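Enquirer: I'm passing along coords-v9.txt; it holds compact mmCIF, C-alpha atoms.
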```txt
# COMPACT_ATOMS: atom_id res chain seq x y z
CA MET A 47 0.00 0.00 0.00
CA ASP A 48 1.19 3.49 -0.83
CA PRO A 49 2.16 5.03 2.58
CA SER A 50 1.30 8.52 1.34
CA LEU A 51 -2.37 7.52 1.32
CA GLU A 52 -2.51 7.84 5.09
CA SER A 53 -1.74 11.54 4.90
CA ARG A 54 -4.38 12.32 2.30
CA THR A 55 -7.73 13.90 3.11
CA ASP A 56 -10.94 11.88 2.93
CA GLU A 57 -11.94 13.75 -0.20
CA GLU A 58 -8.61 13.02 -1.91
CA LEU A 59 -8.94 9.35 -0.97
CA ALA A 60 -12.50 9.22 -2.33
CA THR A 61 -11.24 10.68 -5.60
CA ALA A 62 -8.52 8.01 -5.69
CA VAL A 63 -11.10 5.27 -5.02
CA ALA A 64 -13.13 6.53 -7.97
CA ARG A 65 -9.95 5.91 -10.03
CA ASN A 66 -9.98 2.26 -8.89
CA ASN A 67 -7.48 2.62 -6.05
CA HIS A 68 -8.74 -0.06 -3.66
CA ASP A 69 -6.05 0.71 -1.11
CA ALA A 70 -7.48 4.20 -0.77
CA PHE A 71 -10.85 2.65 0.03
CA GLY A 72 -9.14 0.52 2.66
CA VAL A 73 -7.77 3.66 4.32
CA LEU A 74 -11.20 5.28 4.27
CA MET A 75 -12.67 2.16 5.88
CA ASP A 76 -9.97 2.24 8.56
CA ARG A 77 -10.91 5.83 9.30
CA TYR A 78 -14.64 5.30 9.44
CA GLN A 79 -15.50 1.76 10.41
CA ALA A 80 -15.25 2.35 14.18
CA LYS A 81 -17.28 5.57 13.87
CA LEU A 82 -19.94 3.94 11.72
CA LEU A 83 -20.12 0.92 14.02
CA ARG A 84 -20.65 3.24 16.97
CA TYR A 85 -23.33 5.11 15.03
CA GLY A 86 -24.90 1.88 13.77
CA ARG A 87 -25.20 0.41 17.25
CA ARG A 88 -27.48 3.29 18.19
CA PHE A 89 -29.94 1.93 15.67
CA LEU A 90 -29.09 -1.77 15.81
CA PRO A 91 -28.10 -2.93 19.28
CA ASP A 92 -27.35 -6.46 18.00
CA PRO A 93 -23.57 -6.31 17.22
CA ASP A 94 -23.80 -8.77 14.29
CA ARG A 95 -26.58 -6.81 12.63
CA ALA A 96 -24.70 -3.56 13.20
CA GLU A 97 -21.54 -5.04 11.61
CA ASP A 98 -23.51 -6.36 8.63
CA ALA A 99 -25.13 -2.96 8.17
CA VAL A 100 -21.77 -1.15 8.31
CA ALA A 101 -20.32 -3.56 5.74
CA GLU A 102 -23.38 -2.95 3.54
CA ALA A 103 -22.95 0.82 3.95
CA PHE A 104 -19.30 0.59 2.82
CA LEU A 105 -20.29 -1.49 -0.19
CA LYS A 106 -22.94 1.06 -1.14
CA ALA A 107 -20.41 3.85 -0.72
CA TYR A 108 -18.02 2.00 -3.04
CA GLU A 109 -20.77 1.42 -5.62
CA ASN A 110 -21.73 5.09 -5.57
CA ILE A 111 -18.33 6.71 -5.07
CA LYS A 112 -18.43 8.31 -8.52
CA SER A 113 -21.47 10.32 -7.46
CA PHE A 114 -19.44 11.91 -4.65
CA ASP A 115 -18.57 15.54 -5.30
CA ALA A 116 -15.00 16.02 -4.03
CA ALA A 117 -15.69 19.73 -3.55
CA ARG A 118 -17.88 18.75 -0.60
CA ARG A 119 -16.98 16.94 2.62
CA PHE A 120 -16.82 13.17 2.47
CA SER A 121 -17.99 12.45 5.99
CA PRO A 122 -21.64 13.69 5.70
CA TRP A 123 -21.90 11.86 2.36
CA LEU A 124 -20.79 8.58 3.97
CA TYR A 125 -22.95 9.13 7.05
CA ARG A 126 -25.94 9.71 4.79
CA ILE A 127 -25.41 6.33 3.13
CA ALA A 128 -24.84 4.65 6.50
CA HIS A 129 -27.88 6.34 8.01
CA ASN A 130 -30.13 5.06 5.23
CA THR A 131 -28.61 1.59 5.45
CA PHE A 132 -29.19 1.43 9.23
CA LEU A 133 -32.76 2.63 8.87
CA ASP A 134 -33.38 0.04 6.14
CA ALA A 135 -31.94 -2.67 8.38
CA LEU A 136 -34.03 -1.46 11.30
CA ARG A 137 -37.22 -1.39 9.29
CA ARG A 138 -36.59 -4.67 7.51
CA GLY A 139 -39.33 -7.04 8.53
CA ARG A 140 -41.23 -4.38 10.42
CA ARG A 141 -44.03 -2.42 8.76
CA GLU A 142 -44.20 1.21 9.72
CA PRO A 143 -46.97 3.68 8.96
CA LEU A 144 -45.97 6.69 6.88
CA ALA A 145 -44.95 9.36 9.37
CA LEU A 146 -45.10 13.08 8.64
CA ASP A 147 -42.07 14.94 9.95
CA LEU A 148 -43.73 17.91 11.63
CA ASP A 149 -40.37 19.50 12.51
CA ALA A 150 -39.52 19.78 8.80
CA LEU A 151 -42.82 21.43 7.82
CA VAL A 152 -42.03 25.03 8.66
CA ALA A 153 -38.90 27.18 8.87
CA HIS A 154 -37.22 27.37 12.27
CA PRO A 155 -34.51 29.86 13.17
CA SER A 156 -31.24 28.02 13.59
CA TYR A 157 -28.06 28.88 15.43
CA GLU A 158 -25.27 26.55 16.37
CA ARG A 159 -24.40 26.52 20.08
CA ASP A 160 -20.83 27.72 19.90
CA THR A 161 -20.89 29.01 23.48
CA GLU A 162 -21.01 25.52 24.97
CA SER A 163 -17.96 25.02 27.18
CA GLU A 164 -15.89 21.84 27.05
CA ASP A 165 -17.33 20.84 30.44
CA ASP A 166 -20.87 21.38 29.17
CA ALA A 167 -20.12 19.36 26.06
CA ARG A 168 -18.61 16.52 28.12
CA GLU A 169 -21.62 16.51 30.42
CA ALA A 170 -23.94 16.47 27.40
CA ARG A 171 -22.01 13.56 25.88
CA GLU A 172 -22.35 11.61 29.11
CA LEU A 173 -26.06 12.38 29.26
CA VAL A 174 -26.43 11.23 25.68
CA GLU A 175 -24.61 7.95 26.37
CA ARG A 176 -26.78 7.26 29.43
CA GLY A 177 -30.20 8.21 28.13
CA LEU A 178 -30.03 7.47 24.44
CA ALA A 179 -31.73 4.09 24.40
CA ARG A 180 -34.98 5.49 25.78
CA LEU A 181 -35.30 8.26 23.19
CA PRO A 182 -37.32 8.15 19.99
CA GLU A 183 -35.27 7.44 16.86
CA ARG A 184 -35.43 10.97 15.43
CA TYR A 185 -33.97 12.43 18.65
CA ARG A 186 -31.42 9.65 19.02
CA GLU A 187 -29.90 10.15 15.57
CA VAL A 188 -29.51 13.91 15.89
CA LEU A 189 -27.89 13.62 19.36
CA VAL A 190 -25.48 10.93 18.21
CA LEU A 191 -24.47 12.89 15.11
CA TYR A 192 -23.94 16.10 17.06
CA TYR A 193 -22.42 14.98 20.35
CA LEU A 194 -20.82 11.65 19.58
CA GLU A 195 -19.87 12.08 15.92
CA SER A 196 -19.20 15.84 16.21
CA LEU A 197 -20.94 16.77 12.96
CA SER A 198 -21.99 20.40 12.44
CA TYR A 199 -25.64 21.43 12.09
CA GLN A 200 -25.10 21.79 8.35
CA GLU A 201 -23.59 18.33 8.05
CA ILE A 202 -26.39 16.80 10.14
CA ALA A 203 -28.93 18.54 7.89
CA ASP A 204 -27.24 16.91 4.89
CA VAL A 205 -27.10 13.48 6.54
CA LEU A 206 -30.75 13.53 7.62
CA GLN A 207 -31.85 15.57 4.57
CA VAL A 208 -33.88 18.03 6.61
CA PRO A 209 -33.81 21.85 6.76
CA LEU A 210 -31.09 23.39 8.92
CA GLY A 211 -33.63 24.84 11.37
CA THR A 212 -35.12 21.40 11.89
CA VAL A 213 -31.75 20.17 13.19
CA GLY A 214 -31.71 22.94 15.81
CA VAL A 215 -35.30 22.31 16.88
CA ARG A 216 -34.80 18.56 17.05
CA LEU A 217 -31.59 18.92 19.06
CA ALA A 218 -33.29 21.25 21.56
CA ARG A 219 -36.20 18.84 21.94
CA ALA A 220 -33.85 15.87 22.17
CA ARG A 221 -31.84 17.56 24.95
CA ALA A 222 -35.05 18.33 26.84
CA ALA A 223 -36.32 14.76 26.39
CA LEU A 224 -32.96 13.42 27.49
CA LYS A 225 -32.87 15.53 30.66
CA LYS A 226 -36.46 14.65 31.47
CA GLY A 227 -35.84 10.95 30.89
CA ILE A 228 -32.75 10.92 33.09
CA GLY A 229 -34.51 13.02 35.76
CA ASP A 230 -37.44 10.59 35.79
CA ARG A 231 -35.07 7.66 36.22
CA HIS A 232 -33.44 9.36 39.22
CA HIS A 233 -36.85 9.72 40.86
CA GLU A 234 -37.95 6.15 40.18
CA PRO A 235 -38.37 4.22 43.47
CA MET B 941 -14.13 -7.22 14.82
CA THR B 942 -13.67 -4.03 12.83
CA THR B 943 -10.92 -5.60 10.68
CA SER B 944 -13.30 -8.30 9.56
CA ILE B 945 -15.67 -5.71 8.12
CA LYS B 946 -12.88 -4.21 6.05
CA GLU B 947 -11.74 -7.64 4.87
CA ARG B 948 -15.28 -8.71 3.98
CA VAL B 949 -15.86 -5.54 1.99
CA LEU B 950 -12.52 -5.65 0.15
CA GLU B 951 -12.98 -9.37 -0.63
CA LYS B 952 -16.33 -8.70 -2.23
CA ILE B 953 -14.82 -5.88 -4.26
CA GLU B 954 -11.84 -8.01 -5.34
CA ARG B 955 -14.13 -10.88 -6.34
CA GLY B 956 -16.10 -8.42 -8.48
CA GLU B 957 -19.35 -9.00 -6.56
CA VAL B 958 -19.68 -5.24 -6.24
CA SER B 959 -18.67 -2.74 -8.86
CA MET B 960 -18.65 1.01 -9.08
CA ARG B 961 -21.45 2.65 -10.96
CA SER B 962 -20.19 4.86 -13.74
CA ARG B 963 -20.48 8.65 -13.79
CA ALA B 964 -22.75 8.22 -16.80
CA HIS B 965 -25.14 6.21 -14.59
CA PHE B 966 -25.47 9.13 -12.15
CA ALA B 967 -25.66 11.70 -14.94
CA LEU B 968 -28.45 9.67 -16.52
CA GLN B 969 -30.21 9.34 -13.18
CA THR B 970 -30.05 13.12 -12.65
CA ALA B 971 -31.22 13.74 -16.21
CA LEU B 972 -34.12 11.33 -15.69
CA VAL B 973 -35.19 13.06 -12.48
CA ALA B 974 -34.87 16.46 -14.21
CA ALA B 975 -36.96 15.19 -17.14
CA LEU B 976 -39.61 13.81 -14.78
CA LEU B 977 -39.62 17.13 -12.94
CA ALA B 978 -40.08 19.06 -16.18
CA LEU B 979 -42.85 16.69 -17.29
CA ALA B 980 -44.64 16.94 -13.95
CA ALA B 981 -44.32 20.76 -14.04
CA VAL B 982 -45.73 20.96 -17.58
CA LEU B 983 -48.56 18.58 -16.65
CA ALA B 984 -49.31 20.58 -13.49
CA ALA B 985 -49.47 23.83 -15.48
CA PHE B 986 -51.69 22.15 -18.10
CA VAL B 987 -54.08 20.61 -15.56
CA GLY B 988 -54.26 23.83 -13.53
CA SER B 989 -54.94 25.94 -16.60
CA PHE B 990 -57.53 23.44 -17.83
CA ALA B 991 -59.35 23.75 -14.49
CA LEU B 992 -59.35 27.55 -14.86
CA PHE B 993 -60.46 27.32 -18.49
CA SER B 994 -63.32 24.94 -17.71
CA VAL B 995 -64.53 27.14 -14.84
CA ARG B 996 -64.52 30.21 -17.11
CA GLN B 997 -65.92 28.40 -20.13
CA SER B 998 -68.80 26.85 -18.20
CA GLY B 999 -69.62 30.23 -16.62
CA ALA B 1000 -69.17 28.77 -13.12
CA ASP B 1001 -67.02 31.76 -12.14
CA LEU B 1002 -70.05 34.06 -12.64
CA LEU B 1003 -71.76 32.24 -9.78
CA LEU B 1004 -69.32 33.88 -7.37
CA GLY B 1005 -71.19 37.16 -7.92
CA PHE B 1006 -74.55 35.66 -6.89
CA GLY B 1007 -74.14 35.72 -3.10
CA GLY B 1008 -73.80 32.80 -0.71
CA ARG B 1009 -76.01 30.46 -2.73
CA GLY B 1010 -73.99 31.19 -5.85
CA VAL B 1011 -70.72 30.54 -4.02
CA ALA B 1012 -72.08 27.21 -2.70
CA THR B 1013 -73.13 26.23 -6.24
CA PHE B 1014 -69.70 27.30 -7.56
CA PHE B 1015 -68.01 24.89 -5.15
CA ALA B 1016 -70.46 22.14 -6.09
CA LEU B 1017 -69.56 22.59 -9.78
CA PHE B 1018 -65.82 23.13 -9.27
CA PRO B 1019 -63.63 20.68 -11.24
CA TRP B 1020 -62.35 18.95 -8.10
CA PHE B 1021 -60.86 16.08 -10.08
CA SER B 1022 -58.52 18.50 -11.88
CA LEU B 1023 -57.58 20.10 -8.57
CA ALA B 1024 -56.89 16.68 -6.99
CA LEU B 1025 -54.74 15.74 -9.99
CA LEU B 1026 -52.88 19.06 -9.70
CA LEU B 1027 -52.21 18.47 -6.00
CA ALA B 1028 -50.97 14.95 -6.72
CA LEU B 1029 -48.59 16.39 -9.33
CA LEU B 1030 -47.34 19.03 -6.88
CA VAL B 1031 -46.63 16.31 -4.30
CA ALA B 1032 -44.78 14.32 -6.97
CA ILE B 1033 -42.74 17.43 -7.87
CA GLU B 1034 -41.94 18.03 -4.19
CA LEU B 1035 -40.78 14.41 -3.77
CA LEU B 1036 -38.53 14.75 -6.83
CA VAL B 1037 -37.18 18.13 -5.73
CA ARG B 1038 -36.28 16.70 -2.31
CA ARG B 1039 -33.67 14.54 -4.00
CA PHE B 1040 -31.68 17.73 -4.45
CA ARG B 1041 -29.99 19.76 -1.72
CA LEU B 1042 -32.16 22.84 -2.26
CA GLY B 1043 -35.24 20.64 -2.01
CA TYR B 1044 -34.64 19.04 1.35
CA ARG B 1045 -33.17 22.21 2.85
CA THR B 1046 -36.45 24.04 2.29
CA PRO B 1047 -39.16 23.42 4.91
CA LEU B 1048 -41.97 21.32 3.49
CA LEU B 1049 -44.74 23.91 3.88
CA VAL B 1050 -42.59 26.66 2.34
CA ALA B 1051 -41.68 24.39 -0.58
CA LEU B 1052 -45.30 23.34 -1.15
CA ALA B 1053 -46.52 26.95 -0.92
CA ALA B 1054 -43.85 28.05 -3.43
CA LEU B 1055 -44.81 25.18 -5.75
CA ALA B 1056 -48.52 25.96 -5.46
CA LEU B 1057 -47.90 29.67 -6.21
CA SER B 1058 -45.68 28.84 -9.18
CA ALA B 1059 -48.24 26.34 -10.50
CA ALA B 1060 -51.04 28.91 -10.10
CA ALA B 1061 -49.00 31.58 -11.94
CA LEU B 1062 -48.14 29.16 -14.75
CA ALA B 1063 -51.73 27.95 -14.94
CA TYR B 1064 -53.04 31.54 -15.21
CA ALA B 1065 -50.47 32.33 -17.90
CA LEU B 1066 -51.36 29.21 -19.88
CA ALA B 1067 -55.11 29.76 -19.44
CA ALA B 1068 -54.64 33.22 -21.00
CA THR B 1069 -53.30 31.67 -24.22
CA PRO B 1070 -55.60 30.28 -26.94
CA LEU B 1071 -54.33 26.73 -26.26
CA HIS B 1072 -57.42 25.36 -24.52
CA SER B 1073 -59.86 27.11 -26.87
CA ALA B 1074 -58.05 25.55 -29.82
CA LEU B 1075 -58.12 22.12 -28.19
CA LEU B 1076 -61.81 22.56 -27.37
CA ASP B 1077 -62.52 23.37 -31.02
CA ARG B 1078 -60.67 20.23 -32.06
CA ALA B 1079 -62.61 18.20 -29.48
CA ASP B 1080 -65.87 19.64 -30.82
CA ARG B 1081 -64.86 18.52 -34.31
CA GLY B 1082 -64.04 15.05 -32.94
CA GLU B 1083 -60.37 15.50 -33.79
CA LEU B 1084 -58.94 15.25 -30.28
CA PRO B 1085 -58.30 11.69 -29.14
CA ILE B 1086 -57.91 10.84 -25.41
CA LEU B 1087 -58.36 14.40 -24.12
CA GLY B 1088 -61.47 14.99 -26.24
CA GLU B 1089 -63.83 13.65 -23.60
CA PHE B 1090 -62.44 15.97 -20.93
CA TYR B 1091 -62.85 18.98 -23.20
CA GLU B 1092 -66.39 17.97 -24.24
CA GLY B 1093 -67.24 17.94 -20.54
CA VAL B 1094 -66.74 21.72 -20.52
CA HIS B 1095 -69.98 22.05 -22.51
CA ALA B 1096 -72.01 19.98 -20.06
CA GLY B 1097 -75.03 21.72 -18.61
CA HIS B 1098 -75.64 21.98 -14.88
CA GLU B 1099 -79.41 22.26 -14.78
CA GLY B 1100 -79.46 19.76 -11.92
CA ALA B 1101 -77.48 22.25 -9.84
CA GLY B 1102 -79.80 25.08 -10.87
CA VAL B 1103 -77.51 26.66 -13.46
CA TYR B 1104 -78.96 27.35 -16.92
CA ARG B 1105 -77.40 28.84 -20.03
CA GLY B 1106 -79.27 30.14 -23.01
CA VAL B 1107 -79.99 32.85 -25.53
CA VAL B 1108 -82.57 35.49 -24.62
CA THR B 1109 -85.60 34.92 -26.84
CA THR B 1110 -88.27 37.17 -25.34
CA ILE B 1111 -88.22 40.07 -22.91
CA ALA B 1112 -91.21 41.15 -20.82
CA GLU B 1113 -91.41 43.67 -17.97
CA GLU B 1114 -90.71 41.26 -15.12
CA ARG B 1115 -89.55 38.14 -16.86
CA PHE B 1116 -87.73 36.99 -19.97
CA GLY B 1117 -87.40 33.80 -21.98
CA ILE B 1118 -84.25 31.87 -22.80
CA ALA B 1119 -83.55 28.89 -25.03
CA HIS B 1120 -80.54 26.63 -25.16
CA GLU B 1121 -79.65 24.49 -28.15
CA ASP B 1122 -76.09 23.28 -28.58
CA GLY B 1123 -76.88 20.85 -31.34
CA ASP B 1124 -75.08 17.86 -29.90
CA ARG B 1125 -76.82 17.29 -26.60
CA ASP B 1126 -80.40 16.76 -25.57
CA THR B 1127 -80.17 16.84 -21.82
CA ASP B 1128 -79.37 20.53 -21.49
CA ASP B 1129 -81.44 21.76 -24.40
CA GLY B 1130 -84.72 23.52 -23.69
CA SER B 1131 -86.64 26.77 -23.28
CA TRP B 1132 -87.38 28.46 -19.99
CA THR B 1133 -89.16 31.49 -18.64
CA VAL B 1134 -86.95 33.29 -16.15
CA VAL B 1135 -88.28 35.33 -13.24
CA PRO B 1136 -85.23 37.44 -12.34
CA PRO B 1137 -84.27 38.44 -8.78
CA ALA B 1138 -85.77 41.59 -7.28
CA GLY B 1139 -84.20 44.75 -8.65
CA PHE B 1140 -83.05 43.17 -11.90
CA ASP B 1141 -83.86 45.35 -14.90
CA CYS B 1142 -85.05 43.13 -17.76
CA ALA B 1143 -84.63 46.10 -20.09
CA SER B 1144 -80.86 45.73 -19.69
CA LEU B 1145 -81.10 42.53 -21.74
CA HIS B 1146 -81.51 42.28 -25.46
CA GLU B 1147 -82.76 39.46 -27.61
CA GLY B 1148 -80.08 37.14 -28.89
CA GLU B 1149 -77.82 37.82 -25.91
CA ARG B 1150 -76.41 34.77 -24.13
CA VAL B 1151 -77.01 34.68 -20.39
CA LEU B 1152 -76.25 32.47 -17.45
CA VAL B 1153 -79.09 32.04 -15.00
CA ALA B 1154 -78.86 30.55 -11.52
CA GLY B 1155 -82.09 29.62 -9.80
CA SER B 1156 -84.70 26.99 -9.06
CA LEU B 1157 -87.26 25.48 -11.34
CA VAL B 1158 -90.57 26.54 -9.70
CA ALA B 1159 -92.91 25.27 -12.40
CA THR B 1160 -92.44 23.45 -15.65
CA SER B 1161 -89.94 25.56 -17.56
CA THR B 1162 -90.12 28.51 -15.16
CA ILE B 1163 -87.00 29.48 -13.26
CA GLN B 1164 -87.08 31.64 -10.16
CA ALA B 1165 -83.60 33.13 -10.56
CA TYR B 1166 -81.28 34.43 -7.84
CA GLY B 1167 -78.69 35.56 -10.36
CA VAL B 1168 -78.52 36.54 -14.03
CA ARG B 1169 -75.38 37.53 -15.94
CA PRO B 1170 -74.48 38.01 -19.61
CA TYR B 1171 -72.43 35.01 -20.70
CA GLU B 1172 -70.49 35.50 -23.93
CA ARG B 1173 -68.11 32.52 -24.08
```
For the structure just supplied, provide its representation as structure tokens.
Expert:
Amino acid sequence: MDPSLESRTDEELATAVARNNHDAFGVLMDRYQAKLLRYGRRFLPDPDRAEDAVAEAFLKAYENIKSFDAARRFSPWLYRIAHNTFLDALRRGRREPLALDLDALVAHPSYERDTESEDDAREARELVERGLARLPERYREVLVLYYLESLSYQEIADVLQVPLGTVGVRLARARAALKKGIGDRHHEP
Amino acid sequence: MTTSIKERVLEKIERGEVSMRSRAHFALQTALVAALLALAAVLAAFVGSFALFSVRQSGADLLLGFGGRGVATFFALFPWFSLALLLALLVAIELLVRRFRLGYRTPLLVALAALALSAAALAYALAATPLHSALLDRADRGELPILGEFYEGVHAGHEGAGVYRGVVTTIAEERFGIAHEDGDRDTDDGSWTVVPPAGFDCASLHEGERVLVAGSLVATSTIQAYGVRPYER
């Protein structure tokens, strides 16, 4: 394997993959498989199913790599594919009624919380880890992407394909639901 | 554990079980979506403008000037099927647009409102052209396959809903006569005596003028009207 691959950016590696450089794809997988597994386990608690879904996501990424625009960031593109793959795996064998996403209906003002201190962020990450399992899927995914995967609002909007304001609203509601859930657990007899 | 995922994926790639889709595949896919979008937009404009044309052509829009009863009759006669088809097309357009970044970044209600406004503007613009009149003429001559039946429907009478069209044949002080004969239908042909609403000046009419009358049949061939308007279409 060409050692210089390790120093290349994700976008440069994706461009190399599109030119049939399989080693470059290997480096991308090294960079993302742990992250995607962590993300996948939020949807699919069974480790085998999560692994299968991550492998499927990588295969889909490889199949579609020529649709990737190297002028954009690679990580939201890959997360988008993984997100869809996890949801497909989750829904496989389970019929769900068509749900209308009320948060995405109207425009919401959006501002990224750049005033959050490192302590606040660490506390939030711990809260997320502890209370995630009890949250509805739409709150879980946005919390994981923001706190655990450190994606920006814009990148989360691209992964979930929702308006930017919806990300802000969903995060605020998810934080509130998380605090309430953890508070309720503390008060359980 | 994580190494096995990488190995599994690379093995499948090496064995050729998975291959990259070409750029042409994605370009074709985008072109197909764009073509479907354009087709849906054209269809939406056509259906919307047809609904406007049929409302105008049938004189249903005149009912809006006849008070509450006229408005209720207008809604009863409105081409709801065309509107439902238009809405279905707008939803299809929205679903196609959401495949693109601009589409999913726009809140759903904003996007639908923008689409509805654009469709209405396009429909008004298209309805102002002679397109539908020309197609109606062709339908009348039996030269319009498939769409002919829809266009012929524009001529349908609505006597059952209390809406009559006809040419003024006689004018008296407090009533006037109308007759309708379109040559190709029997159901809406006939002659009626119209008792106009209070305050209506029969002298404002002249023989040979086409009018639209909204009212109830109170005796054989006598209409107690709640609205009368000239109808030159």
Enquirer: Could you list, as a ChimeraX atom specification, every residue within 7 Å of Gly1130 (chain B), counting only C-alpha atoms and ignoring same-chain residues fewer than 2 positions away?
Expert: /B:1119-1121,1128,1132
Enquirer: Grab the CA of Leu133 (chain A) to CA of Arg219 (chain A) distance for me, in Å with one decimal place.
Expert: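 We find that CA of Leu133 (chain A) and CA of Arg219 (chain A) lie 21.1 Å from each other.
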Enquirer: Write out, as JSON lines, each residue of chain A that has an atom at most 7 Å from chain B, together with the closest pair of atoms and their distance in Å to one decimal, counting all atoms listed in the file, rows going by chain and rising number.
Expert:
```
{"residue": "A:Gly72", "atom": "CA", "partner": "B:Lys946", "partner_atom": "CA", "distance": 6.9}
{"residue": "A:Met75", "atom": "CA", "partner": "B:Lys946", "partner_atom": "CA", "distance": 6.4}
{"residue": "A:Gln79", "atom": "CA", "partner": "B:Thr942", "partner_atom": "CA", "distance": 6.5}
{"residue": "A:Ala80", "atom": "CA", "partner": "B:Thr942", "partner_atom": "CA", "distance": 6.7}
{"residue": "A:Glu97", "atom": "CA", "partner": "B:Ile945", "partner_atom": "CA", "distance": 6.9}
{"residue": "A:Ala101", "atom": "CA", "partner": "B:Ile945", "partner_atom": "CA", "distance": 5.6}
{"residue": "A:Leu105", "atom": "CA", "partner": "B:Val949", "partner_atom": "CA", "distance": 6.4}
{"residue": "A:Tyr108", "atom": "CA", "partner": "B:Met960", "partner_atom": "CA", "distance": 6.2}
{"residue": "A:Glu109", "atom": "CA", "partner": "B:Met960", "partner_atom": "CA", "distance": 4.1}
{"residue": "A:Asn110", "atom": "CA", "partner": "B:Arg961", "partner_atom": "CA", "distance": 5.9}
{"residue": "A:Ile111", "atom": "CA", "partner": "B:Met960", "partner_atom": "CA", "distance": 7.0}
{"residue": "A:Lys112", "atom": "CA", "partner": "B:Arg963", "partner_atom": "CA", "distance": 5.7}
{"residue": "A:Ser113", "atom": "CA", "partner": "B:Phe966", "partner_atom": "CA", "distance": 6.3}
{"residue": "A:Ala150", "atom": "CA", "partner": "B:Pro1047", "partner_atom": "CA", "distance": 5.3}
{"residue": "A:Leu151", "atom": "CA", "partner": "B:Leu1048", "partner_atom": "CA", "distance": 4.4}
{"residue": "A:Val152", "atom": "CA", "partner": "B:Pro1047", "partner_atom": "CA", "distance": 5.0}
{"residue": "A:Ala153", "atom": "CA", "partner": "B:Pro1047", "partner_atom": "CA", "distance": 5.5}
{"residue": "A:Gln207", "atom": "CA", "partner": "B:Tyr1044", "partner_atom": "CA", "distance": 5.5}
{"residue": "A:Val208", "atom": "CA", "partner": "B:Tyr1044", "partner_atom": "CA", "distance": 5.4}
{"residue": "A:Pro209", "atom": "CA", "partner": "B:Arg1045", "partner_atom": "CA", "distance": 4.0}
{"residue": "A:Leu210", "atom": "CA", "partner": "B:Arg1045", "partner_atom": "CA", "distance": 6.5}
```
Enquirer: For a test of reading the model, state the distance in Å between CA of Phe1006 (chain B) and CA of Arg1115 (chain B), rounded to one decimal.
Expert: 18.2 Å
Enquirer: At what distance in Å, to one decimal, does CA of Val1153 (chain B) lie from CA of Gly1106 (chain B)?
Expert: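 Atom-to-atom, CA of Gly1106 (chain B) and CA of Val1153 (chain B) are spaced 8.2 Å apart.
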Enquirer: Mind checking which residues fall within 12 Å of Asp48 (chain A), counting all atoms listed in the file, ignoring those fewer than 3 positions away in the same chain, and posting them as a ChimeraX atom specification?
Expert: /A:51-54,59,62,67-70,72-73
